[in-house]
Amino acid sequence: MKNEILKYLSKYTVITKEIEKAISESLSIKSFKKGTILLNEGDISTECYFILNGCIRSYFLKDGEEKTIEFYTEEQSIVPPSYGTSKPSDSCLECLEDVVVSIGNPELENETFQKYPQLESLSRVIAETVIARQQKSFTQFKTSTPEERYLNLIKTRPDLYQRVPQHQIASYLGIKPESLSRIRKRIMTKK
């Protein structure tokens, strides 16, 4: 599993012996079964995750209905908004498949960054890239019709349709399952 993390980091920097050593020393890998809730609404978030294998869904409850925020898959990080604060989480994290993750926490991060300052700089570069990607995705989502959102999801993340229940995809797109069915039918008729 260490190799997957090093492969990911190599997209952002040259992997030195120091980085390899830092990763080996600070790596905490855990497996969770499908259906495991990693974070409940109202809990204090003390962990962040890097997905090595599997799919995790972030969602919140509104009027008793689950609203999907995001799906996280291989080589994606999850840093809950309340991570590192004492504020209760306003969302949940659920394993949609059996997952293997590398887990971080504020204490481990501080200790690792003090020992290996190069990793702190690398983390900042990665965080900036991820934030820019999320901002672009958010803007695209806000300015798209439901059909455009669906087509974009098929184009950018086609694997989700095999991994995630359709009602959760509809929730993620901001529509009802019946609307998703109509959109899919309309697209199929155009072809």
# chains A, B, ... in the order shown; residues from 1 in each chain; ligands from 1

call {"tool": "residues_around", "arguments": {"residues": "Leu6 of chain A", "least_positions_apart": "5", "cutoff": "9 Å", "atoms": "only C-alpha atoms", "output": "compact mmCIF listing (two decimals) with C-alpha atoms, in the first residue's frame"}}
result
# COMPACT_ATOMS: atom_id res chain seq x y z
CA MET A 1 0.00 0.00 0.00
CA LYS A 11 2.62 13.21 -9.55
CA ILE A 15 10.25 10.84 -4.48
CA ILE A 19 9.98 11.08 1.56
CA GLU A 20 9.98 7.28 1.41
CA ILE A 23 5.81 7.77 4.52

call {"tool": "closest_atom_pairs", "arguments": {"of": "segment 106-143 of chain A", "to": "segment 149-167 of chain A", "cutoff": "10 Å", "atoms": "only C-alpha atoms", "output": "JSON lines"}}
result
{"residue": "A:Ser137", "atom": "CA", "partner": "A:Asn152", "partner_atom": "CA", "distance": 10.0}
{"residue": "A:Gln140", "atom": "CA", "partner": "A:Arg149", "partner_atom": "CA", "distance": 8.2}
{"residue": "A:Phe141", "atom": "CA", "partner": "A:Arg149", "partner_atom": "CA", "distance": 6.3}
{"residue": "A:Lys142", "atom": "CA", "partner": "A:Arg149", "partner_atom": "CA", "distance": 9.2}
{"residue": "A:Thr143", "atom": "CA", "partner": "A:Arg149", "partner_atom": "CA", "distance": 9.2}

call {"tool": "select_by_dssp", "arguments": {"residues": "chain A", "states": "strand (DSSP E or B)", "output": "number ranges by chain"}}
result
A: 29-32, 37-39, 44, 48-53, 56-62, 65-72, 77-78, 88, 92-95, 99-104

call {"tool": "write_last_selection", "arguments": {"atoms": "N, CA and C atoms", "output": "short mmCIF file (atom, residue, chain, number, x, y, z; two decimals), in the first residue's frame"}}
result
data_model
loop_
_atom_site.label_atom_id
_atom_site.label_comp_id
_atom_site.auth_asym_id
_atom_site.auth_seq_id
_atom_site.Cartn_x
_atom_site.Cartn_y
_atom_site.Cartn_z
N ILE A 29 -2.51 2.38 8.03
CA ILE A 29 -3.48 1.85 7.06
C ILE A 29 -4.51 1.00 7.78
N LYS A 30 -5.79 1.22 7.43
CA LYS A 30 -6.88 0.44 8.00
C LYS A 30 -7.84 0.01 6.91
N SER A 31 -8.52 -1.08 7.17
CA SER A 31 -9.57 -1.57 6.28
C SER A 31 -10.91 -1.44 6.99
N PHE A 32 -11.95 -1.13 6.22
CA PHE A 32 -13.30 -1.05 6.76
C PHE A 32 -14.25 -1.79 5.83
N ILE A 37 -19.81 3.26 9.00
CA ILE A 37 -19.92 4.72 9.08
C ILE A 37 -18.64 5.22 9.75
N LEU A 38 -17.86 5.99 9.00
CA LEU A 38 -16.60 6.52 9.53
C LEU A 38 -16.80 7.79 10.35
N LEU A 39 -17.88 8.51 10.03
CA LEU A 39 -18.17 9.76 10.72
C LEU A 39 -19.67 9.98 10.71
N ILE A 44 -17.19 14.66 16.47
CA ILE A 44 -16.00 15.49 16.28
C ILE A 44 -15.07 14.71 15.36
N CYS A 48 -8.53 12.12 9.02
CA CYS A 48 -8.70 12.36 7.59
C CYS A 48 -8.26 11.08 6.89
N TYR A 49 -8.63 10.93 5.64
CA TYR A 49 -8.42 9.66 4.94
C TYR A 49 -7.85 9.88 3.54
N PHE A 50 -7.02 8.94 3.11
CA PHE A 50 -6.58 8.86 1.72
C PHE A 50 -6.98 7.47 1.25
N ILE A 51 -7.81 7.41 0.22
CA ILE A 51 -8.38 6.13 -0.20
C ILE A 51 -7.39 5.38 -1.10
N LEU A 52 -7.05 4.19 -0.65
CA LEU A 52 -6.19 3.31 -1.42
C LEU A 52 -7.03 2.36 -2.27
N ASN A 53 -8.19 1.98 -1.72
CA ASN A 53 -9.08 1.07 -2.45
C ASN A 53 -10.49 1.24 -1.90
N ILE A 56 -16.15 5.77 -0.75
CA ILE A 56 -16.77 6.35 0.45
C ILE A 56 -17.68 7.49 0.01
N ARG A 57 -18.83 7.57 0.65
CA ARG A 57 -19.79 8.63 0.33
C ARG A 57 -19.89 9.60 1.50
N SER A 58 -19.93 10.88 1.17
CA SER A 58 -20.19 11.93 2.14
C SER A 58 -21.62 12.40 1.93
N TYR A 59 -22.38 12.52 3.02
CA TYR A 59 -23.76 12.97 2.89
C TYR A 59 -24.22 13.63 4.18
N PHE A 60 -25.36 14.34 4.10
CA PHE A 60 -25.98 14.90 5.30
C PHE A 60 -27.47 14.61 5.23
N LEU A 61 -28.13 14.76 6.35
CA LEU A 61 -29.57 14.53 6.42
C LEU A 61 -30.29 15.87 6.44
N LYS A 62 -31.32 15.97 5.59
CA LYS A 62 -32.15 17.17 5.58
C LYS A 62 -33.60 16.71 5.54
N GLU A 65 -34.09 13.09 4.89
CA GLU A 65 -33.65 12.56 3.60
C GLU A 65 -32.13 12.74 3.47
N GLU A 66 -31.45 11.68 2.97
CA GLU A 66 -30.01 11.75 2.75
C GLU A 66 -29.71 12.56 1.50
N LYS A 67 -28.80 13.51 1.62
CA LYS A 67 -28.36 14.33 0.49
C LYS A 67 -26.87 14.06 0.28
N THR A 68 -26.55 13.43 -0.84
CA THR A 68 -25.16 13.07 -1.12
C THR A 68 -24.36 14.29 -1.53
N ILE A 69 -23.23 14.47 -0.88
CA ILE A 69 -22.34 15.60 -1.17
C ILE A 69 -21.27 15.19 -2.17
N GLU A 70 -20.64 14.02 -1.93
CA GLU A 70 -19.52 13.60 -2.77
C GLU A 70 -19.29 12.11 -2.66
N PHE A 71 -18.68 11.55 -3.70
CA PHE A 71 -18.19 10.17 -3.69
C PHE A 71 -16.67 10.25 -3.80
N TYR A 72 -15.98 9.52 -2.93
CA TYR A 72 -14.52 9.50 -2.94
C TYR A 72 -14.06 8.10 -3.30
N SER A 77 -8.47 12.20 -1.34
CA SER A 77 -8.39 12.49 0.08
C SER A 77 -9.73 12.96 0.60
N ILE A 78 -10.00 12.64 1.85
CA ILE A 78 -11.19 13.15 2.53
C ILE A 78 -10.72 13.87 3.78
N PRO A 88 -18.66 20.00 15.90
CA PRO A 88 -19.30 18.76 15.46
C PRO A 88 -19.47 18.77 13.93
N CYS A 92 -21.89 13.06 7.22
CA CYS A 92 -21.52 11.68 7.54
C CYS A 92 -20.60 11.13 6.46
N LEU A 93 -19.81 10.13 6.82
CA LEU A 93 -18.99 9.40 5.86
C LEU A 93 -19.36 7.92 5.97
N GLU A 94 -19.71 7.31 4.84
CA GLU A 94 -20.14 5.92 4.81
C GLU A 94 -19.34 5.16 3.75
N CYS A 95 -18.87 3.96 4.10
CA CYS A 95 -18.17 3.11 3.14
C CYS A 95 -19.21 2.43 2.25
N VAL A 99 -13.30 -0.85 2.04
CA VAL A 99 -12.28 0.16 1.71
C VAL A 99 -10.99 -0.08 2.48
N VAL A 100 -9.90 0.40 1.88
CA VAL A 100 -8.60 0.44 2.53
C VAL A 100 -8.14 1.89 2.44
N VAL A 101 -7.83 2.47 3.59
CA VAL A 101 -7.45 3.87 3.65
C VAL A 101 -6.18 4.07 4.48
N SER A 102 -5.49 5.14 4.16
CA SER A 102 -4.43 5.63 5.02
C SER A 102 -5.08 6.71 5.87
N ILE A 103 -4.85 6.63 7.17
CA ILE A 103 -5.52 7.56 8.10
C ILE A 103 -4.52 8.54 8.68
N GLY A 104 -4.95 9.80 8.72
CA GLY A 104 -4.14 10.83 9.35
C GLY A 104 -4.91 11.47 10.49
#

call {"tool": "residues_around", "arguments": {"residues": "segment 109-122 of chain A", "least_positions_apart": "6", "cutoff": "8 Å", "atoms": "only C-alpha atoms", "output": "PyMOL selection string"}}
result
chain A and resi 12-13+18-19+22+26

call {"tool": "write_last_selection", "arguments": {"atoms": "N, CA and C atoms", "output": "PDB file, in the first residue's frame"}}
result
ATOM      1  N   TYR A  12       3.388  14.893  -7.962  1.00  0.00           N
ATOM      2  CA  TYR A  12       3.612  16.249  -7.472  1.00  0.00           C
ATOM      3  C   TYR A  12       5.071  16.574  -7.174  1.00  0.00           C
ATOM      4  N   THR A  13       5.897  15.544  -7.001  1.00  0.00           N
ATOM      5  CA  THR A  13       7.293  15.779  -6.640  1.00  0.00           C
ATOM      6  C   THR A  13       8.133  14.549  -6.957  1.00  0.00           C
ATOM      7  N   GLU A  18      14.159  10.462   1.665  1.00  0.00           N
ATOM      8  CA  GLU A  18      13.581  11.095   2.846  1.00  0.00           C
ATOM      9  C   GLU A  18      12.049  10.975   2.831  1.00  0.00           C
ATOM     10  N   ILE A  19      11.436  11.205   1.659  1.00  0.00           N
ATOM     11  CA  ILE A  19       9.978  11.084   1.558  1.00  0.00           C
ATOM     12  C   ILE A  19       9.563   9.637   1.782  1.00  0.00           C
ATOM     13  N   ALA A  22       9.724   8.998   5.469  1.00  0.00           N
ATOM     14  CA  ALA A  22       8.645   9.691   6.178  1.00  0.00           C
ATOM     15  C   ALA A  22       7.324   8.952   6.006  1.00  0.00           C
ATOM     16  N   SER A  26       5.159   7.153   9.041  1.00  0.00           N
ATOM     17  CA  SER A  26       3.902   7.766   9.464  1.00  0.00           C
ATOM     18  C   SER A  26       2.659   7.068   8.919  1.00  0.00           C
TER      19      SER A  26
END
